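Source file input.cif; content: mmCIF, C-alpha atoms and all ligand atoms.
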data_structure
loop_
_atom_site.label_atom_id
_atom_site.label_comp_id
_atom_site.auth_asym_id
_atom_site.auth_seq_id
_atom_site.Cartn_x
_atom_site.Cartn_y
_atom_site.Cartn_z
CA MET A 1 346.66 26.07 65.28
CA ASN A 2 350.30 25.84 66.24
CA ALA A 3 351.42 25.41 69.84
CA ALA A 4 354.28 24.23 72.00
CA VAL A 5 353.46 22.57 75.30
CA PHE A 6 355.27 23.15 78.57
CA PRO A 7 354.37 20.92 81.51
CA VAL A 8 354.34 22.43 84.99
CA SER A 9 355.19 19.45 87.18
CA LEU A 10 354.34 19.61 90.85
CA ALA A 11 354.43 16.98 93.56
CA GLY A 12 352.01 14.37 92.24
CA ARG A 13 350.24 16.76 89.84
CA SER A 14 350.94 18.55 86.62
CA TYR A 15 349.25 20.74 84.03
CA GLU A 16 350.08 22.05 80.61
CA VAL A 17 350.91 25.55 79.46
CA ARG A 18 350.28 25.72 75.72
CA VAL A 19 351.94 28.60 73.90
CA GLY A 20 351.07 29.36 70.28
CA THR A 21 348.51 30.77 67.90
CA GLY A 22 344.83 29.96 67.37
CA LEU A 23 344.41 28.75 70.94
CA LEU A 24 341.53 31.06 71.91
CA ALA A 25 339.69 30.32 68.68
CA GLY A 26 340.19 26.62 69.47
CA LEU A 27 339.48 26.85 73.21
CA GLY A 28 336.53 24.43 73.11
CA HIS A 29 338.74 21.72 71.59
CA GLN A 30 341.81 22.65 73.64
CA ALA A 31 339.98 22.38 76.96
CA GLY A 32 338.27 19.14 75.93
CA ALA A 33 337.01 17.11 78.87
CA LEU A 34 337.88 19.86 81.38
CA LEU A 35 334.63 21.52 80.28
CA ARG A 36 332.08 19.05 81.64
CA LYS A 37 328.86 21.02 81.22
CA PRO A 38 327.08 22.77 78.33
CA VAL A 39 327.44 26.20 79.97
CA VAL A 40 330.95 27.45 80.85
CA PRO A 41 331.34 30.35 83.33
CA VAL A 42 333.83 32.89 82.00
CA VAL A 43 335.20 35.85 83.96
CA THR A 44 336.76 38.71 82.03
CA ASP A 45 337.09 42.50 81.98
CA GLU A 46 335.30 45.10 79.87
CA ILE A 47 338.13 45.76 77.44
CA VAL A 48 338.90 42.10 76.83
CA ALA A 49 335.18 41.34 76.43
CA SER A 50 334.84 44.06 73.79
CA LEU A 51 337.72 42.57 71.79
CA TRP A 52 337.66 38.81 72.30
CA ARG A 53 334.24 37.73 73.56
CA ASP A 54 332.98 36.72 70.10
CA THR A 55 336.05 34.55 69.47
CA LEU A 56 335.53 32.67 72.72
CA ASP A 57 331.77 32.33 72.11
CA ALA A 58 332.48 30.85 68.68
CA SER A 59 335.10 28.47 70.04
CA LEU A 60 332.60 27.08 72.56
CA ALA A 61 329.80 26.95 69.99
CA ALA A 62 332.09 24.77 67.87
CA VAL A 63 331.92 22.08 70.57
CA GLY A 64 328.21 22.59 71.33
CA LYS A 65 328.72 24.73 74.45
CA LYS A 66 328.10 28.31 75.44
CA ALA A 67 329.66 30.81 77.81
CA SER A 68 328.00 32.53 80.73
CA TRP A 69 329.85 35.84 81.17
CA LEU A 70 330.82 37.92 84.17
CA VAL A 71 332.38 41.13 82.86
CA LEU A 72 334.23 43.30 85.40
CA PRO A 73 335.83 46.73 85.07
CA SER A 74 339.41 46.77 83.71
CA GLY A 75 342.36 47.69 85.90
CA GLU A 76 344.21 46.91 89.10
CA ALA A 77 341.41 48.19 91.37
CA THR A 78 339.33 45.19 90.25
CA LYS A 79 341.47 42.88 92.44
CA SER A 80 339.30 43.73 95.46
CA TRP A 81 337.21 42.14 98.21
CA ALA A 82 334.06 43.46 96.53
CA ASN A 83 334.87 41.78 93.24
CA LEU A 84 335.91 38.57 94.94
CA GLU A 85 332.40 38.44 96.37
CA LYS A 86 330.95 39.22 92.95
CA VAL A 87 332.87 36.40 91.26
CA CYS A 88 331.98 33.90 94.00
CA ASP A 89 328.27 34.84 93.86
CA PHE A 90 328.36 34.49 90.08
CA LEU A 91 329.95 31.03 90.28
CA LEU A 92 327.45 29.91 92.93
CA ALA A 93 324.56 31.18 90.80
CA GLU A 94 326.00 29.21 87.89
CA GLY A 95 325.97 26.07 90.03
CA VAL A 96 329.70 25.46 89.68
CA GLU A 97 330.84 22.21 91.31
CA ARG A 98 334.32 21.33 92.55
CA GLY A 99 335.07 19.19 89.51
CA ASP A 100 334.15 21.95 87.06
CA HIS A 101 336.59 24.32 85.37
CA ILE A 102 335.74 27.99 85.00
CA VAL A 103 337.61 30.23 82.54
CA ALA A 104 339.65 33.35 83.40
CA LEU A 105 339.99 35.35 80.16
CA GLY A 106 342.15 38.41 80.66
CA GLY A 107 345.32 39.84 82.11
CA GLY A 108 346.89 39.25 85.50
CA VAL A 109 344.09 41.10 87.27
CA ILE A 110 341.38 38.76 86.01
CA GLY A 111 343.63 35.70 86.41
CA ASP A 112 344.61 36.54 90.01
CA LEU A 113 341.04 37.39 91.05
CA THR A 114 339.32 34.48 89.30
CA GLY A 115 341.99 32.03 90.44
CA PHE A 116 341.50 33.16 94.02
CA ALA A 117 337.71 32.81 93.72
CA ALA A 118 338.26 29.29 92.31
CA SER A 119 340.47 28.45 95.28
CA VAL A 120 337.74 29.23 97.82
CA LEU A 121 334.61 28.27 95.84
CA LYS A 122 333.36 25.18 97.68
CA ARG A 123 336.97 24.94 99.01
CA GLY A 124 338.35 24.75 95.52
CA CYS A 125 337.12 24.27 91.95
CA GLY A 126 339.07 24.04 88.69
CA PHE A 127 340.00 26.94 86.45
CA ILE A 128 341.57 27.51 83.06
CA GLN A 129 343.84 30.50 82.53
CA VAL A 130 343.51 32.19 79.15
CA PRO A 131 346.00 35.04 79.58
CA THR A 132 345.49 37.95 77.19
CA THR A 133 348.36 40.28 78.18
CA LEU A 134 352.07 39.69 77.70
CA LEU A 135 352.48 39.92 81.46
CA ALA A 136 349.86 37.26 82.12
CA GLN A 137 351.28 34.95 79.43
CA VAL A 138 354.86 35.14 80.67
CA ASP A 139 354.14 35.21 84.38
CA SER A 140 350.82 35.46 86.21
CA SER A 141 348.93 32.62 84.49
CA VAL A 142 351.62 30.10 85.44
CA GLY A 143 352.46 28.93 88.93
CA GLY A 144 349.23 29.25 90.90
CA LYS A 145 349.73 32.49 92.84
CA THR A 146 346.27 34.05 93.13
CA ALA A 147 345.28 37.10 95.17
CA ILE A 148 343.46 40.36 95.71
CA ASN A 149 344.83 43.66 97.04
CA THR A 150 343.73 45.41 100.24
CA ALA A 151 344.31 48.91 101.56
CA ALA A 152 347.35 47.52 103.39
CA GLY A 153 349.08 46.30 100.26
CA LYS A 154 349.44 44.13 97.15
CA ASN A 155 348.27 40.54 96.99
CA LEU A 156 347.94 40.31 100.76
CA ILE A 157 344.91 38.03 100.63
CA GLY A 158 345.30 35.04 98.39
CA ALA A 159 346.08 31.37 97.92
CA PHE A 160 348.24 29.02 95.94
CA HIS A 161 345.80 27.38 93.55
CA GLN A 162 347.07 25.91 90.29
CA PRO A 163 345.07 26.10 87.06
CA GLY A 164 344.11 22.92 85.22
CA LEU A 165 345.34 24.33 81.89
CA VAL A 166 346.92 27.52 80.54
CA LEU A 167 346.33 28.66 76.95
CA ALA A 168 348.73 31.46 75.99
CA ASP A 169 347.58 32.61 72.56
CA ILE A 170 350.02 34.95 70.84
CA ASP A 171 347.21 36.18 68.53
CA VAL A 172 345.49 38.08 71.34
CA LEU A 173 348.55 40.24 71.92
CA ALA A 174 347.75 41.99 68.62
CA THR A 175 345.20 44.22 70.38
CA LEU A 176 347.28 44.97 73.48
CA PRO A 177 348.29 48.66 73.80
CA PRO A 178 352.06 49.37 73.61
CA ARG A 179 352.21 50.55 77.22
CA GLU A 180 350.75 47.25 78.45
CA LEU A 181 353.16 45.29 76.25
CA ARG A 182 356.10 47.14 77.77
CA ALA A 183 354.81 46.54 81.30
CA GLY A 184 354.68 42.80 80.58
CA TYR A 185 358.13 43.00 79.05
CA ALA A 186 359.58 43.91 82.46
CA GLU A 187 358.66 40.42 83.71
CA VAL A 188 360.32 38.90 80.61
CA VAL A 189 363.56 40.77 81.31
CA LYS A 190 363.27 39.57 84.92
CA TYR A 191 363.97 35.97 83.89
CA GLY A 192 367.22 37.07 82.26
CA LEU A 193 368.25 39.05 85.32
CA ILE A 194 367.44 36.18 87.70
CA ASP A 195 369.64 33.44 86.27
CA ASP A 196 369.98 33.65 82.49
CA ALA A 197 372.41 36.32 81.30
CA ASP A 198 372.11 34.99 77.71
CA PHE A 199 368.38 35.72 77.82
CA PHE A 200 369.10 39.28 78.98
CA ASP A 201 371.43 39.60 75.95
CA TRP A 202 368.56 38.25 73.80
CA CYS A 203 366.28 40.93 75.25
CA GLU A 204 368.76 43.68 74.42
CA VAL A 205 368.98 42.46 70.82
CA HIS A 206 365.36 41.43 70.16
CA GLY A 207 363.26 43.23 72.79
CA PRO A 208 362.47 46.28 70.61
CA ASP A 209 361.32 44.17 67.61
CA MET A 210 359.38 41.84 69.86
CA LEU A 211 357.53 44.82 71.33
CA ALA A 212 356.99 46.28 67.85
CA GLY A 213 355.00 43.19 66.89
CA ASP A 214 357.26 40.45 65.51
CA GLU A 215 355.18 37.33 66.12
CA GLU A 216 358.06 34.84 66.12
CA LEU A 217 359.95 36.88 68.68
CA ARG A 218 356.82 37.22 70.82
CA THR A 219 356.37 33.47 70.73
CA GLU A 220 360.01 32.94 71.69
CA ALA A 221 359.78 35.46 74.54
CA VAL A 222 356.67 33.78 75.95
CA ARG A 223 358.07 30.25 75.52
CA ARG A 224 361.38 31.03 77.20
CA SER A 225 359.65 32.86 80.04
CA VAL A 226 357.12 30.09 80.65
CA GLU A 227 359.90 27.49 80.63
CA ALA A 228 361.87 29.52 83.17
CA LYS A 229 358.86 30.05 85.43
CA ALA A 230 357.71 26.40 85.22
CA ARG A 231 361.21 25.26 86.23
CA VAL A 232 361.20 27.46 89.34
CA VAL A 233 357.62 26.63 90.37
CA ALA A 234 358.34 22.90 90.05
CA GLN A 235 361.18 23.31 92.56
CA ASP A 236 359.32 25.39 95.13
CA GLU A 237 355.57 25.62 94.52
CA ARG A 238 354.73 27.47 97.75
CA GLU A 239 357.78 29.70 98.07
CA THR A 240 359.17 27.90 101.08
CA THR A 241 362.74 27.04 100.08
CA GLY A 242 363.83 30.38 98.63
CA ALA A 243 363.92 29.16 95.01
CA ARG A 244 360.57 30.72 94.07
CA ALA A 245 361.36 33.92 95.93
CA LEU A 246 363.77 34.72 93.07
CA LEU A 247 360.68 35.44 90.92
CA ASN A 248 360.08 38.36 93.28
CA LEU A 249 363.11 40.26 91.94
CA GLY A 250 362.20 43.96 91.85
CA HIS A 251 358.87 43.36 93.57
CA THR A 252 359.64 44.54 97.11
CA PHE A 253 360.56 47.94 95.69
CA GLY A 254 357.88 47.70 92.99
CA HIS A 255 355.00 46.78 95.30
CA ALA A 256 355.96 49.68 97.60
CA LEU A 257 355.64 52.06 94.63
CA GLU A 258 352.28 50.56 93.65
CA ALA A 259 351.03 50.90 97.24
CA GLU A 260 352.27 54.50 97.43
CA LEU A 261 350.35 55.32 94.26
CA GLY A 262 347.23 53.53 95.50
CA TYR A 263 346.80 51.16 92.50
CA SER A 264 345.68 54.21 90.57
CA GLY A 265 346.88 53.06 87.18
CA ARG A 266 349.52 55.79 87.20
CA LEU A 267 352.09 53.02 87.42
CA LEU A 268 351.32 49.56 86.03
CA HIS A 269 352.59 46.50 87.88
CA GLY A 270 355.24 45.73 85.25
CA GLU A 271 356.36 49.36 85.17
CA ALA A 272 356.80 49.28 88.95
CA VAL A 273 358.76 46.02 88.68
CA ALA A 274 361.09 47.51 86.04
CA ILE A 275 361.92 50.45 88.34
CA GLY A 276 362.13 47.97 91.24
CA MET A 277 364.70 45.82 89.43
CA VAL A 278 366.85 48.89 88.70
CA LEU A 279 366.61 49.80 92.40
CA ALA A 280 367.58 46.25 93.41
CA ALA A 281 370.58 46.43 91.07
CA ARG A 282 371.65 49.85 92.37
CA TYR A 283 371.22 48.75 95.95
CA SER A 284 373.46 45.77 95.15
CA VAL A 285 376.03 48.25 93.81
CA ARG A 286 375.76 50.22 97.07
CA ARG A 287 376.62 47.00 98.94
CA GLY A 288 379.65 46.47 96.69
CA GLU A 289 378.17 43.31 95.18
CA MET A 290 377.50 44.40 91.61
CA HIS A 291 379.41 46.50 89.09
CA ARG A 292 377.84 49.91 88.51
CA GLN A 293 378.07 49.37 84.71
CA ASP A 294 375.85 46.27 84.98
CA ALA A 295 373.20 48.08 87.01
CA GLU A 296 373.23 50.99 84.55
CA ARG A 297 373.07 48.55 81.63
CA ILE A 298 369.72 47.34 83.01
CA ALA A 299 368.45 50.91 83.43
CA ALA A 300 369.63 51.78 79.90
CA HIS A 301 367.80 48.79 78.46
CA PHE A 302 364.50 49.83 80.00
CA ARG A 303 365.00 53.39 78.76
CA SER A 304 365.78 52.06 75.28
CA VAL A 305 362.26 50.60 75.10
CA ASP A 306 360.69 53.80 76.45
CA MET A 307 360.22 52.61 79.99
CA ILE A 308 360.93 54.60 83.13
CA ALA A 309 364.03 53.24 84.86
CA ASP A 310 364.54 55.82 87.62
CA VAL A 311 362.21 56.20 90.57
CA ALA A 312 363.10 59.91 90.64
CA ALA A 313 361.37 60.34 87.27
CA LEU A 314 358.03 59.57 88.97
CA GLY A 315 358.25 62.80 90.98
CA LEU A 316 356.78 61.14 94.08
CA ASP A 317 355.82 63.30 97.00
CA CYS A 318 357.33 61.01 99.66
CA ASP A 319 360.64 60.06 101.24
CA GLY A 320 362.55 56.80 101.44
CA ARG A 321 361.23 55.96 104.88
CA ARG A 322 357.65 56.08 103.65
CA LEU A 323 358.43 53.65 100.82
CA ALA A 324 360.35 51.39 103.21
CA ASP A 325 357.33 51.37 105.54
CA HIS A 326 355.17 49.93 102.74
CA MET A 327 357.65 47.05 102.60
CA LEU A 328 356.73 45.97 106.12
CA HIS A 329 353.70 44.23 104.57
CA ASP A 330 355.85 42.19 102.17
CA LYS A 331 354.98 38.49 102.35
CA LYS A 332 358.66 37.56 102.51
CA MET A 333 358.90 39.26 105.90
CA ASP A 334 360.14 36.67 108.40
CA ALA A 335 360.47 37.24 112.15
CA GLY A 336 360.91 40.98 111.68
CA THR A 337 363.48 40.67 108.88
CA LEU A 338 362.79 41.34 105.23
CA PRO A 339 364.89 39.30 102.80
CA PHE A 340 365.72 41.17 99.56
CA LEU A 341 366.38 39.89 96.06
CA LEU A 342 369.74 41.39 95.15
CA MET A 343 372.24 40.78 92.36
CA ARG A 344 375.90 39.80 92.12
CA GLY A 345 375.69 40.53 88.40
CA ILE A 346 373.26 40.14 85.51
CA GLY A 347 371.80 36.62 85.81
CA LYS A 348 373.10 36.28 89.36
CA THR A 349 370.16 37.11 91.62
CA TYR A 350 370.20 35.87 95.19
CA LEU A 351 368.17 36.23 98.38
CA ALA A 352 369.94 38.48 100.89
CA LYS A 353 368.88 38.08 104.50
CA ASP A 354 371.10 40.74 106.04
CA VAL A 355 369.47 43.91 104.73
CA ALA A 356 368.53 46.64 107.23
CA LEU A 357 365.38 48.50 106.25
CA ASP A 358 366.88 51.75 107.63
CA ASP A 359 369.66 51.44 105.08
CA VAL A 360 367.14 50.79 102.30
CA ALA A 361 365.23 53.92 103.38
CA GLU A 362 368.44 55.98 103.20
CA PHE A 363 369.26 54.50 99.78
CA LEU A 364 365.76 55.32 98.54
CA ASP A 365 366.07 58.91 99.77
CA ALA A 366 369.08 59.33 97.50
CA GLU A 367 367.35 57.57 94.58
CA LEU A 368 364.26 59.76 94.91
CA LYS A 369 366.54 62.79 94.53
CA ARG A 370 368.73 61.35 91.74
CA GLU A 371 369.14 63.70 88.80
CA VAL A 372 367.33 62.30 85.75
N1 LIG B 1 349.97 35.58 90.02
C1 LIG B 1 351.18 35.92 89.62
O1 LIG B 1 352.12 35.13 89.64
C2 LIG B 1 351.39 37.29 89.07
C3 LIG B 1 352.56 37.57 88.33
C4 LIG B 1 352.72 38.84 87.80
C5 LIG B 1 351.74 39.81 87.98
N2 LIG B 1 350.63 39.50 88.69
C6 LIG B 1 349.55 40.47 88.83
O2 LIG B 1 349.03 40.73 87.54
C7 LIG B 1 348.44 42.02 87.52
C8 LIG B 1 348.88 42.76 86.29
O3 LIG B 1 348.47 42.04 85.15
P1 LIG B 1 348.35 42.73 83.74
O4 LIG B 1 349.53 43.56 83.49
O5 LIG B 1 347.99 41.67 82.78
O6 LIG B 1 347.16 43.77 83.97
P2 LIG B 1 345.60 43.76 83.61
O7 LIG B 1 345.00 42.46 83.84
O8 LIG B 1 345.04 44.95 84.30
O9 LIG B 1 345.60 44.03 82.05
C9 LIG B 1 346.16 45.22 81.58
C10 LIG B 1 345.18 46.02 80.69
O10 LIG B 1 345.15 45.40 79.41
C11 LIG B 1 343.79 45.16 79.01
N3 LIG B 1 343.85 43.98 78.17
C12 LIG B 1 344.03 42.70 78.55
N4 LIG B 1 344.18 41.91 77.48
C13 LIG B 1 344.08 42.70 76.40
C14 LIG B 1 344.18 42.46 75.00
N5 LIG B 1 344.47 41.27 74.49
N6 LIG B 1 344.02 43.52 74.17
C15 LIG B 1 343.78 44.78 74.67
N7 LIG B 1 343.70 45.05 75.97
C16 LIG B 1 343.86 44.02 76.82
C17 LIG B 1 343.04 45.02 80.30
O11 LIG B 1 341.68 45.30 80.12
C18 LIG B 1 343.74 46.05 81.17
O12 LIG B 1 343.21 47.32 80.90
C19 LIG B 1 348.87 42.70 88.80
O13 LIG B 1 347.80 42.72 89.70
C20 LIG B 1 349.98 41.82 89.31
O14 LIG B 1 350.08 41.87 90.71
C21 LIG B 1 350.44 38.28 89.23
O1 LIG B 2 355.14 33.75 90.77
C1 LIG B 2 355.81 34.30 91.63
O2 LIG B 2 356.25 33.70 92.62
C2 LIG B 2 356.11 35.74 91.53
O3 LIG B 2 356.64 36.31 92.47
C3 LIG B 2 355.74 36.43 90.27
C4 LIG B 2 355.56 37.94 90.41
O4 LIG B 2 355.84 38.50 89.14
C5 LIG B 2 354.13 38.34 90.75
O5 LIG B 2 353.97 39.73 90.65
C6 LIG B 2 353.61 37.84 92.07
O6 LIG B 2 352.22 38.03 92.16
C7 LIG B 2 354.21 38.55 93.24
O7 LIG B 2 353.99 37.75 94.34
P1 LIG B 2 353.88 38.28 95.82
O8 LIG B 2 353.98 37.02 96.60
O9 LIG B 2 355.02 39.22 96.05
O10 LIG B 2 352.56 38.94 95.93
ZN ZN B 3 355.18 40.57 89.05
#

For this file, write the structure as structure tokens.
Ligand SMILES: NC(=O)c1ccc[n+]([C@@H]2O[C@H](COP(=O)([O-])OP(=O)(O)OC[C@H]3O[C@@H](n4cnc5c(N)ncnc54)[C@H](O)[C@@H]3O)[C@@H](O)[C@H]2O)c1
Ligand SMILES: O=C(O)C(=O)C[C@@H](O)[C@H](O)[C@H](O)COP(=O)(O)O
Ligand SMILES: [Zn+2]
Amino acid sequence: MNAAVFPVSLAGRSYEVRVGTGLLAGLGHQAGALLRKPVVPVVTDEIVASLWRDTLDASLAAVGKKASWLVLPSGEATKSWANLEKVCDFLLAEGVERGDHIVALGGGVIGDLTGFAASVLKRGCGFIQVPTTLLAQVDSSVGGKTAINTAAGKNLIGAFHQPGLVLADIDVLATLPPRELRAGYAEVVKYGLIDDADFFDWCEVHGPDMLAGDEELRTEAVRRSVEAKARVVAQDERETTGARALLNLGHTFGHALEAELGYSGRLLHGEAVAIGMVLAARYSVRRGEMHRQDAERIAAHFRSVDMIADVAALGLDCDGRRLADHMLHDKKMDAGTLPFLLMRGIGKTYLAKDVALDDVAEFLDAELKREV
């Protein structure tokens, strides 16, 4: 076992994010006293269960415990009211008490859903995030945003509820399909675009090898991302000062694309965010705030790792107004105005409060027709 530890420090509380290898196999020891009872409720999805269930069972057996499993379907549609009920009923049947910690083993879908269930179960019980996708390791398992989707939009029902521990095991990424790795990579690149131009340079140099499987580079990508996220969350846990909103770069555009496609799996969250960040950059160019070369450098980087950079390439059957209308549900909406994360350059993201949605709709019309 080999791990680095990153504390997430919040007002009066903190928890550890451990990044390394052998963490799932050592989960029983890693979680220690957080697991108070002989039976540990674990929520996961079908694909993760087929690959990693035995490893977790063995890790609990090593400390004289056993898992009780709830296995849900894989995919974004699982973040639903119906599954929230299922998880809560499962936890109640397992007799979970407030002081217990349940385990979320999976990607962002399982982490968001299980974390939300933990936030409402008896008004809040503990949970341990064991993220198994790159996206969940670099982003969703850290920071306590939990949620489900509704017909009206992404993550509209949820809570801030921090985990008691996060175990990001690089070993489990070995079974992740390339498309899922690339989707998670978008959130890695995001940290460079927000406020760390050197990290964006690192991504340009090392991103392809990291995606191809280099374990040291994967560890470095996860560590740097977790450090960046922990720093932001410590400043603004509940997204009230504007600091945490920076983590939403590309998401207003991206969530609109996900909503338009109905969480069908045609576009993964990270894929939508990659296109969304290119749109944010190009919209910043339109406002005269960013050099066109910088925006196109971002698009070129995503293309270089076989990701879609241009919304036009999706061939959507909608106009800019329709996408802009999805944005009316964005949680950043404040007194009828929607703040946007825009860029003054790579690593220079800021929250703009003077954006007119009509102008965004017009911009999107042009982007939807861009020649690609
Ligand atoms: N809470 C947050 O701060 C936050 C941050 C970013 C994203 N999110 C949310 O996270 C979700 C996306 O997460 P995701 O990309 O992890 O998707 P996901 O959870 O659907 O996982 C992606 C796919 O990979 C499979 N999988 C997971 N681990 C695997 C492994 N080790 N080997 C093989 N297959 C594996 C899953 O079964 C699934 O099919 C979205 O709902 C998004 O809104 C939340
Ligand atoms: O942690 C955050 O804050 C983020 O915004 C991280 C995002 O990558 C993530 O997709 C988040 O769930 C989006 O939040 P939302 O508030 O726009 O639903
Ligand atoms: Zn995201």

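Where the distance criterion is 8 Å and the atoms used are only C-alpha atoms and all ligand atoms, the residues close to ligand ZN 3 (chain B) are A:Asp139, A:Ser140, A:Glu187, A:Leu247, A:Asn248, A:His251, A:His269, A:Gly270, A:Val273.
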
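When all atoms listed in the file are used to compute distances to ligand LIG 1 (chain B), the closest of the residues A:Val40, A:Ala31, A:Ala256, A:Leu91 turns out to be A:Ala256.
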
Report as an NGL selection string which protein, DNA and RNA residues come within 8 Å of ligand LIG 1 (chain B), using only C-alpha atoms and all ligand atoms.
:A and (45-48 or 51-52 or 73-76 or 79 or 106-112 or 131-136 or 139-149 or 154-155 or 172-177 or 180 or 183-184 or 187 or 268-270)

Up to 9 Å from (372.2, 50.8, 99.2) in the file's coordinates: name the residues, counting only C-alpha atoms, as an MDAnalysis selection string.
chainID A and resid 279:280 282:288 359:364

Quick one: residues within 12 Å of (339.7, 24.5, 75.5) (file frame), counting all atoms listed in the file, please, as a PyMOL selection string.
chain A and resi 16-18+22-36+40+56-63+65+101-105+127-130+164-169

The centre and edge lengths of an axis-aligned box containing all atoms of segment 293-306 of chain A present in the file, extended by 4 Å on each side, are to be given in Å to one decimal, as JSON.
{"center_x": 369.4, "center_y": 50.0, "center_z": 81.1, "size_x": 25.4, "size_y": 15.5, "size_z": 19.9}

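From atom C6 of ligand LIG 2 (chain B) back to atom CA of Cys125 of chain A, the distance works out to 21.4 Å.
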
Using all atoms listed in the file, which residues sit within 7 Å of segment 322-333 of chain A once same-chain residues fewer than 3 positions away are excluded, as a PyMOL selection string?
chain A and resi 153+252+256-257+259+318-319+336-339+357+360-361

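Going from atom CA of Ala4 of chain A over to atom CA of Phe199 of chain A, you cover 19.1 Å.
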